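Participant: First, the structure itself, so that you have it in front of you.
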Amino acid sequence: LAGDPELNINHPYYDVARHGIIQLAGEDNSGRKVITFSCCRMPPSYQLNHTRLLEYLKYTLDQYVENDYTVVYFHYGLKSLNKPSLKWLQTAYKEFDRKYKKNLKALYVVHPTNFIKILWNIFKPLISHKFGKKITYLNYLADLGQHLKYDQLNIPQEVIRHDENLWRKQKGKLPPVVKVPPPRPPLPTQQFGVSLQYIKDKNKGELIPPVMKETVSYLKSKGLQVEGLFRRSASIQTIKDVQKLFNQGKLSPHHCQELPEPLLTFDCYDHILEITSVESCLRVTRCKEIIQGLPEHNYAVLKYLICFLHMVSQESIYNRMTASSLACVFGLNLIWPQKGTTSLNALVPVNLFTELLIDFYTNIFNSRTVPGEILP
Ligand SMILES: *[C@@H]1O[C@H](CO)[C@@H](O)[C@H](O)[C@H]1NC(C)=O
């Protein structure tokens, strides 16, 4: 399997997913989720049902349409043998309704060829000016570096070798090596990228990180009825700026994804992934069992957060943030695997689990008390 150990044979698109053509791969510089499409992983056309591939692509994007996202398209390896028909491409573009296009913020075409440029000319009249502006051609892998950390992408070996050959041929040398900066020790007031215990020790033993409390009260003061409260990724930059200030001891926001271990802990990861195979009527009970096993501190913080999200979802007629859309935004911030990035196949269970926690907050969190509990 092309880089996805979690792919289950019962996956509804197993026949297509197993090739690893479409993968989820970390975030770009603006904090948007990145999806890669690798042509070299497409088997010969007679071995791949392209209609299914299109359905799988939409199924994948449906996990994302609530959020902005970026696509990296590795063109190398598209040959006459595995090339989908022009008719298919046309159908694909037509079936991609507005919702998918609107939240696609950037499309990077890596190693474009004349074939792509010809295609582009054919489709130009069909493609809106606005969509055209989202496309960037990149001649070398290293050019991706301006937009995202490309060492986190699962780039096919063939593509890496092709890039090296291009460098050798066109520049007479090898491409630069990707450098990852070493981690820095935590600053004394730092609240992101450090463990919950560290935060607790620095905050006079209080369980809920001040950063979270202050963000929640800020959002509450703005009014929970504001439309699209968490949705725009423009706010991601703001969150990052605020995070920086906060770490220097100046201010305060949220975001659990920067913790070294997810709030739901690595131990729960596999249990959460199995939620989709639990019978529907037993799922809420199963969620309750899973979170019963959390350490007290994690439980307290999770309860605080979910209680707040539940309150937000109660106002969904005004703010349009239903439990399901909140789950899309927050799910991946609560749990991720110990190794590698979250695979696409984990998205459905992770989002479902989060949605259940939000929807059934009262039922799921009613049986365990936290000493000195604070709720929003
Ligand atoms: C390809 O998949 C579509 C949709 O799932 C299906 O209707 C069609 O029969 C499949 N074609 C082949 C040749 O299996």
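In the structure tokens, the first chain shown is A, the next is B, and so on; residue numbers restart at 1 for each chain, and ligands run from 1 in the order shown.
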May I ask you to write as a ChimeraX atom specification all residues lying at most 8 Å from ligand 1, with only C-alpha atoms and all ligand atoms counted?
Facilitator: /A:49-52,55
Participant: For the structure I just gave you, how does DSSP split range 33-146 of chain A - specifically, which residues are strand (DSSP E or B)? Reply as a list of chain:residue names.
Facilitator: A:Lys33, A:Val34, A:Ile35, A:Thr36, A:Phe37, A:Ser38, A:Tyr69, A:Thr70, A:Val71, A:Val72, A:Tyr73, A:Phe74, A:Leu104, A:Lys105, A:Ala106, A:Leu107, A:Tyr108, A:Val109, A:Val110, A:Ile135, A:Thr136, A:Tyr137, A:Leu138
Participant: What does the file look like for those residues with N, CA, C and O atoms, as a tab-separated table (two decimals), in the first residue's frame?
Facilitator:
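Just written: out_31.tsv:
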chain	number	residue	atom	x	y	z
A	33	LYS	N	-5.34	22.64	5.59
A	33	LYS	CA	-5.02	21.24	5.36
A	33	LYS	C	-4.56	21.06	3.91
A	33	LYS	O	-5.05	21.73	3.01
A	34	VAL	N	-3.61	20.16	3.73
A	34	VAL	CA	-3.06	19.91	2.40
A	34	VAL	C	-3.47	18.53	1.92
A	34	VAL	O	-3.36	17.56	2.66
A	35	ILE	N	-3.95	18.45	0.68
A	35	ILE	CA	-4.26	17.16	0.07
A	35	ILE	C	-3.33	16.99	-1.12
A	35	ILE	O	-3.15	17.92	-1.90
A	36	THR	N	-2.70	15.81	-1.24
A	36	THR	CA	-1.84	15.60	-2.41
A	36	THR	C	-2.52	14.65	-3.38
A	36	THR	O	-3.28	13.76	-2.98
A	37	PHE	N	-2.22	14.86	-4.65
A	37	PHE	CA	-2.71	13.98	-5.71
A	37	PHE	C	-1.48	13.57	-6.51
A	37	PHE	O	-0.81	14.41	-7.09
A	38	SER	N	-1.14	12.27	-6.50
A	38	SER	CA	0.08	11.82	-7.18
A	38	SER	C	-0.27	10.98	-8.41
A	38	SER	O	-0.71	9.83	-8.29
A	69	TYR	N	-8.77	24.56	2.16
A	69	TYR	CA	-7.76	23.54	1.97
A	69	TYR	C	-6.92	23.85	0.73
A	69	TYR	O	-7.27	24.71	-0.07
A	70	THR	N	-5.80	23.14	0.63
A	70	THR	CA	-4.84	23.34	-0.45
A	70	THR	C	-4.58	22.01	-1.12
A	70	THR	O	-4.57	20.98	-0.44
A	71	VAL	N	-4.41	22.01	-2.44
A	71	VAL	CA	-4.09	20.77	-3.13
A	71	VAL	C	-2.71	20.88	-3.78
A	71	VAL	O	-2.39	21.88	-4.41
A	72	VAL	N	-1.88	19.84	-3.58
A	72	VAL	CA	-0.61	19.74	-4.28
A	72	VAL	C	-0.76	18.60	-5.29
A	72	VAL	O	-1.06	17.47	-4.90
A	73	TYR	N	-0.58	18.93	-6.55
A	73	TYR	CA	-0.78	17.96	-7.61
A	73	TYR	C	0.57	17.59	-8.22
A	73	TYR	O	1.26	18.45	-8.78
A	74	PHE	N	1.00	16.34	-8.05
A	74	PHE	CA	2.26	15.88	-8.63
A	74	PHE	C	1.96	15.28	-9.99
A	74	PHE	O	1.42	14.18	-10.09
A	104	LEU	N	-11.24	25.67	-1.79
A	104	LEU	CA	-9.90	25.35	-2.30
A	104	LEU	C	-9.17	26.68	-2.44
A	104	LEU	O	-9.58	27.53	-3.23
A	105	LYS	N	-8.12	26.89	-1.66
A	105	LYS	CA	-7.47	28.19	-1.66
A	105	LYS	C	-6.25	28.23	-2.57
A	105	LYS	O	-5.87	29.28	-3.04
A	106	ALA	N	-5.61	27.09	-2.79
A	106	ALA	CA	-4.45	27.08	-3.68
A	106	ALA	C	-4.29	25.70	-4.29
A	106	ALA	O	-4.53	24.69	-3.63
A	107	LEU	N	-3.94	25.68	-5.57
A	107	LEU	CA	-3.66	24.42	-6.26
A	107	LEU	C	-2.25	24.53	-6.84
A	107	LEU	O	-1.99	25.36	-7.71
A	108	TYR	N	-1.31	23.72	-6.30
A	108	TYR	CA	0.07	23.75	-6.78
A	108	TYR	C	0.28	22.60	-7.75
A	108	TYR	O	0.09	21.45	-7.39
A	109	VAL	N	0.63	22.93	-8.97
A	109	VAL	CA	0.90	21.92	-9.98
A	109	VAL	C	2.42	21.76	-10.06
A	109	VAL	O	3.12	22.67	-10.50
A	110	VAL	N	2.92	20.60	-9.58
A	110	VAL	CA	4.37	20.39	-9.52
A	110	VAL	C	4.82	19.63	-10.77
A	110	VAL	O	4.17	18.66	-11.17
A	135	ILE	N	-4.26	28.72	-9.19
A	135	ILE	CA	-3.30	27.73	-9.67
A	135	ILE	C	-1.89	28.31	-9.78
A	135	ILE	O	-1.69	29.39	-10.31
A	136	THR	N	-0.91	27.57	-9.25
A	136	THR	CA	0.49	27.98	-9.36
A	136	THR	C	1.28	26.80	-9.93
A	136	THR	O	1.14	25.67	-9.44
A	137	TYR	N	2.06	27.06	-10.98
A	137	TYR	CA	2.93	26.02	-11.53
A	137	TYR	C	4.27	26.06	-10.82
A	137	TYR	O	4.84	27.13	-10.62
A	138	LEU	N	4.78	24.90	-10.42
A	138	LEU	CA	6.08	24.84	-9.75
A	138	LEU	C	6.97	23.86	-10.52
A	138	LEU	O	6.62	22.70	-10.68
Participant: Which residue gives the smallest distance to Leu24 in chain A among A:Thr285, A:Gln152, A:Ser85, A:Asn139, with only C-alpha atoms counted?
Facilitator: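 Ranked by minimum distance to Leu24 in chain A, first place goes to A:Gln152.
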Participant: May I have the residues within 10 Å of Phe308 in chain A as an mmCIF file with all heavy atoms, in the first residue's frame, using only C-alpha atoms and disregarding those fewer than 6 positions away in the same chain?
Facilitator:
data_model
loop_
_atom_site.group_PDB
_atom_site.id
_atom_site.type_symbol
_atom_site.label_atom_id
_atom_site.label_comp_id
_atom_site.auth_asym_id
_atom_site.auth_seq_id
_atom_site.Cartn_x
_atom_site.Cartn_y
_atom_site.Cartn_z
ATOM 1 N N VAL A 216 -12.545 31.297 25.262
ATOM 2 C CA VAL A 216 -13.960 30.973 25.376
ATOM 3 C C VAL A 216 -14.740 32.197 25.849
ATOM 4 O O VAL A 216 -15.775 32.548 25.277
ATOM 5 C CB VAL A 216 -14.172 29.760 26.308
ATOM 6 C CG1 VAL A 216 -15.605 29.643 26.755
ATOM 7 C CG2 VAL A 216 -13.728 28.482 25.597
ATOM 8 N N SER A 217 -14.221 32.909 26.841
ATOM 9 C CA SER A 217 -15.012 34.053 27.316
ATOM 10 C C SER A 217 -14.998 35.174 26.269
ATOM 11 O O SER A 217 -15.993 35.882 26.114
ATOM 12 C CB SER A 217 -14.561 34.549 28.686
ATOM 13 O OG SER A 217 -13.203 34.785 28.673
ATOM 14 N N LEU A 219 -15.011 34.650 22.974
ATOM 15 C CA LEU A 219 -15.995 34.253 21.963
ATOM 16 C C LEU A 219 -17.415 34.435 22.492
ATOM 17 O O LEU A 219 -18.315 34.850 21.772
ATOM 18 C CB LEU A 219 -15.766 32.807 21.524
ATOM 19 C CG LEU A 219 -14.493 32.593 20.704
ATOM 20 C CD1 LEU A 219 -14.239 31.109 20.485
ATOM 21 C CD2 LEU A 219 -14.602 33.307 19.355
ATOM 22 N N LYS A 220 -17.602 34.128 23.775
ATOM 23 C CA LYS A 220 -18.929 34.305 24.364
ATOM 24 C C LYS A 220 -19.315 35.781 24.375
ATOM 25 O O LYS A 220 -20.461 36.138 24.120
ATOM 26 C CB LYS A 220 -18.968 33.727 25.784
ATOM 27 C CG LYS A 220 -19.208 32.219 25.766
ATOM 28 C CD LYS A 220 -19.068 31.596 27.124
ATOM 29 C CE LYS A 220 -20.250 31.919 28.032
ATOM 30 N NZ LYS A 220 -20.018 31.313 29.388
ATOM 31 N N LEU A 224 -22.529 34.098 20.678
ATOM 32 C CA LEU A 224 -22.434 32.799 20.031
ATOM 33 C C LEU A 224 -23.309 32.720 18.788
ATOM 34 O O LEU A 224 -23.348 31.714 18.114
ATOM 35 C CB LEU A 224 -22.842 31.693 21.016
ATOM 36 C CG LEU A 224 -21.953 31.595 22.245
ATOM 37 C CD1 LEU A 224 -22.370 30.430 23.110
ATOM 38 C CD2 LEU A 224 -20.490 31.468 21.852
ATOM 39 N N LEU A 302 -11.117 18.576 28.245
ATOM 40 C CA LEU A 302 -12.021 18.142 27.171
ATOM 41 C C LEU A 302 -13.467 18.520 27.512
ATOM 42 O O LEU A 302 -14.199 19.052 26.677
ATOM 43 C CB LEU A 302 -11.909 16.625 26.967
ATOM 44 C CG LEU A 302 -12.800 16.063 25.859
ATOM 45 C CD1 LEU A 302 -12.287 16.484 24.491
ATOM 46 C CD2 LEU A 302 -12.882 14.537 25.926
ATOM 47 N N GLN A 314 -25.905 24.700 19.999
ATOM 48 C CA GLN A 314 -27.295 24.977 20.371
ATOM 49 C C GLN A 314 -27.828 26.224 19.659
ATOM 50 O O GLN A 314 -29.017 26.422 19.557
ATOM 51 C CB GLN A 314 -27.418 25.207 21.893
ATOM 52 C CG GLN A 314 -26.994 24.034 22.749
ATOM 53 C CD GLN A 314 -28.016 22.929 22.768
ATOM 54 O OE1 GLN A 314 -28.178 22.225 21.776
ATOM 55 N NE2 GLN A 314 -28.707 22.748 23.870
ATOM 56 N N ILE A 358 -20.118 16.305 21.004
ATOM 57 C CA ILE A 358 -20.781 17.617 21.048
ATOM 58 C C ILE A 358 -22.300 17.437 21.169
ATOM 59 O O ILE A 358 -22.943 18.035 22.026
ATOM 60 C CB ILE A 358 -20.428 18.453 19.800
ATOM 61 C CG1 ILE A 358 -18.913 18.709 19.746
ATOM 62 C CG2 ILE A 358 -21.189 19.782 19.807
ATOM 63 C CD1 ILE A 358 -18.425 19.348 18.454
ATOM 64 N N TYR A 361 -23.296 15.791 24.604
ATOM 65 C CA TYR A 361 -22.463 16.284 25.704
ATOM 66 C C TYR A 361 -23.030 15.913 27.077
ATOM 67 O O TYR A 361 -22.348 15.338 27.914
ATOM 68 C CB TYR A 361 -22.274 17.800 25.589
ATOM 69 C CG TYR A 361 -21.766 18.407 26.856
ATOM 70 C CD1 TYR A 361 -20.427 18.286 27.211
ATOM 71 C CD2 TYR A 361 -22.627 19.057 27.752
ATOM 72 C CE1 TYR A 361 -19.952 18.794 28.409
ATOM 73 C CE2 TYR A 361 -22.175 19.566 28.949
ATOM 74 C CZ TYR A 361 -20.827 19.434 29.274
ATOM 75 O OH TYR A 361 -20.381 19.918 30.461
ATOM 76 N N LEU A 375 -16.737 25.251 34.426
ATOM 77 C CA LEU A 375 -17.306 25.110 33.079
ATOM 78 C C LEU A 375 -17.542 26.496 32.485
ATOM 79 O O LEU A 375 -17.698 27.455 33.226
ATOM 80 C CB LEU A 375 -18.592 24.287 33.128
ATOM 81 C CG LEU A 375 -18.393 22.786 33.384
ATOM 82 C CD1 LEU A 375 -19.712 22.083 33.566
ATOM 83 C CD2 LEU A 375 -17.575 22.111 32.276
ATOM 84 N N PRO A 376 -17.571 26.580 31.160
ATOM 85 C CA PRO A 376 -17.738 27.904 30.566
ATOM 86 C C PRO A 376 -19.098 28.529 30.911
ATOM 87 O O PRO A 376 -20.055 27.829 31.089
ATOM 88 C CB PRO A 376 -17.628 27.666 29.065
ATOM 89 C CG PRO A 376 -17.647 26.225 28.831
ATOM 90 C CD PRO A 376 -17.387 25.537 30.122
#
Participant: Could you write out, as a ChimeraX atom specification, all the residues of range 5-223 of chain A that DSSP marks as helix (DSSP H, G or I)?
Facilitator: /A:14-17,39-41,45-47,50-61,86-95,98-103,114-126,129-132,141-146,150-152,157-171,196-202,210-222
Participant: Report the distance between CA of Leu352 in chain A and CA of Pro337 in chain A in Å, rounded to one decimal place.
Facilitator: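 Going from CA of Leu352 in chain A over to CA of Pro337 in chain A, I get 16.5 Å.
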Participant: Using only C-alpha atoms, determine which residues lie at most 12 Å from Leu357 in chain A, disregarding the query and same-chain residues fewer than 5 positions distant; provide the list as an MDAnalysis selection string.
Facilitator: chainID A and resid 264 272 283:291 302:310 313 323:324 326:327 330:331 334 350:352 362:366
